[in-house]
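Contents: one structure, followed by commentary.
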Amino acid sequence: MPQVERPEESQEGQLGQEKGQLSHEIQRKIGQQLRAMYTDVVNEGVPDRFAELLSRLDKQDKK
Amino acid sequence: MNAPNDVRGAMLAAVPNLRAFAVSLCGDVDRANDLVQETLLRAWSHLDSFEPGTNMSAWLFTILRNHFRTEYRKRRREVEDADGGYAERLTSPEAQTGHIEFGELRKALLRLPPDQREALILIGASGFSYEEAARICDCAVGTIKSRVNRARAKLAEILTIEGAEGLERRPDLGVNLLTSRVV
């Protein structure tokens, strides 16, 4: 996740910079994990119950 | 009303993403499926309020999000639950199905306030733009941005602190979210 670096952060010296890099790295991993978790569910596709539900609703309406 | 086939098709096509959104929001697969079912039923009975040519997926996300928020408030009132108690039960072993490797992240997500949680998921996982997410959550674009930033900061805090504690308790394992594999 790109985050805008504020100018004062770069003046905090090496420690601040390392801290910034660490948090950038943490954010990157959290972002990846979040997307991976999400994609896992997306990849399960459409469970039968939902396909059945929609075709049932469709049939009801056509009656 | 007779729904044209392409509407039904578009609803069906949105289901995998809707489910992923619901699971990430509530941390529980069964409850997520119920949320999706209720969303489809509501959408179906309000098809006349869907503007053809607009984004079906965003419309369904809006319905699911509103339903989740209403339910969340109702449940909170009913059980007079303070932060955490509810989340704790949701993430009990019985409530979780599969996907053990994301357990830590799911638990951490549930500790975020719902407005931050939904914003983070919509932007960070569902791939909506800030503008679309703002429409789904009925708030300003700037509000979404600040919620996402707060959510990210809070997640990092939860996961790094607890990751470190986990390491202390189980130095033999030496695994936590931040060092384990990234898919």
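Letters A, B, ... go to the chains of the structure tokens in the order shown; residues in each chain start at 1; ligands are counted from 1 in the same order.
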Check every residue of chain B for an atom within 6 Å of chain A, counting only C-alpha atoms, and provide those that qualify as a PyMOL selection string.
-> chain B and resi 2+16-17+20+125
Take the residues just selected and output them with N, CA and C atoms as a PDB file, in the first residue's frame.
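again-v2.pdb written:
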```
ATOM      1  N   ASN B   2     -40.789  -9.322 -14.200  1.00  0.00           N
ATOM      2  CA  ASN B   2     -40.029 -10.367 -14.847  1.00  0.00           C
ATOM      3  C   ASN B   2     -38.597  -9.901 -15.099  1.00  0.00           C
ATOM      4  N   PRO B  16     -19.779 -14.694  -6.091  1.00  0.00           N
ATOM      5  CA  PRO B  16     -18.488 -15.014  -5.461  1.00  0.00           C
ATOM      6  C   PRO B  16     -17.876 -13.817  -4.718  1.00  0.00           C
ATOM      7  N   ASN B  17     -17.945 -12.638  -5.331  1.00  0.00           N
ATOM      8  CA  ASN B  17     -17.405 -11.446  -4.675  1.00  0.00           C
ATOM      9  C   ASN B  17     -18.240 -11.016  -3.474  1.00  0.00           C
ATOM     10  N   ALA B  20     -17.297 -13.223  -0.617  1.00  0.00           N
ATOM     11  CA  ALA B  20     -15.985 -12.874  -0.067  1.00  0.00           C
ATOM     12  C   ALA B  20     -16.092 -11.622   0.800  1.00  0.00           C
ATOM     13  N   ALA B 125      -9.435  -5.201  -0.912  1.00  0.00           N
ATOM     14  CA  ALA B 125      -9.649  -6.559  -1.417  1.00  0.00           C
ATOM     15  C   ALA B 125     -10.658  -6.619  -2.565  1.00  0.00           C
TER      16      ALA B 125
END
```
How far is it from CA of Ile63 in chain B to CA of Ile136 in chain B, in Å with one decimal?
-> 8.4 Å
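Taking only C-alpha atoms into account, Glu131 in chain B lies nearest to B:Ala58 out of the set B:Arg19, B:Phe102, B:Ala58, B:Gly27.
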Who sits within 12 Å of range 137-146 of chain B, only C-alpha atoms, same chain under 4 positions skipped, as JSON, numbers by chain = {"A": [3], "B": [58, 59, 61, 62, 63, 64, 65, 66, 67, 68, 69, 114, 115, 116, 117, 118, 119, 120, 121, 122, 123, 124, 128, 129, 130, 131, 132, 133, 150, 151, 152, 153]}
Leu155 in chain B: which residues within 8 Å, counting only C-alpha atoms, same-chain residues fewer than 5 positions away excluded, as a PDB file with N, CA and C atoms, in the first residue's frame?
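Output file result25.pdb is given in full below:
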```pdb
ATOM      1  N   ILE A  30       0.172  -7.307   5.034  1.00  0.00           N
ATOM      2  CA  ILE A  30      -1.230  -7.341   5.445  1.00  0.00           C
ATOM      3  C   ILE A  30      -2.120  -7.234   4.208  1.00  0.00           C
TER       4      ILE A  30
ATOM      5  N   ALA B 108      -8.300 -10.337  13.726  1.00  0.00           N
ATOM      6  CA  ALA B 108      -7.879  -8.938  13.811  1.00  0.00           C
ATOM      7  C   ALA B 108      -8.891  -8.039  13.100  1.00  0.00           C
ATOM      8  N   LEU B 109      -9.393  -8.498  11.951  1.00  0.00           N
ATOM      9  CA  LEU B 109     -10.387  -7.710  11.207  1.00  0.00           C
ATOM     10  C   LEU B 109     -11.628  -7.448  12.055  1.00  0.00           C
ATOM     11  N   LEU B 112     -11.726  -4.482  14.339  1.00  0.00           N
ATOM     12  CA  LEU B 112     -11.851  -3.120  13.803  1.00  0.00           C
ATOM     13  C   LEU B 112     -13.310  -2.675  13.909  1.00  0.00           C
TER      14      LEU B 112
END
```
For the atom pair CA of Glu18 in chain A and CA of Gly103 in chain B, what is the interatomic distance in Å to one decimal place?
->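 Interatomic distance, CA of Glu18 in chain A to CA of Gly103 in chain B: 28.8 Å.
Atom pair CA of Gly53 in chain B / CA of Arg135 in chain B has a distance of 16.3 Å (rounded to one decimal).
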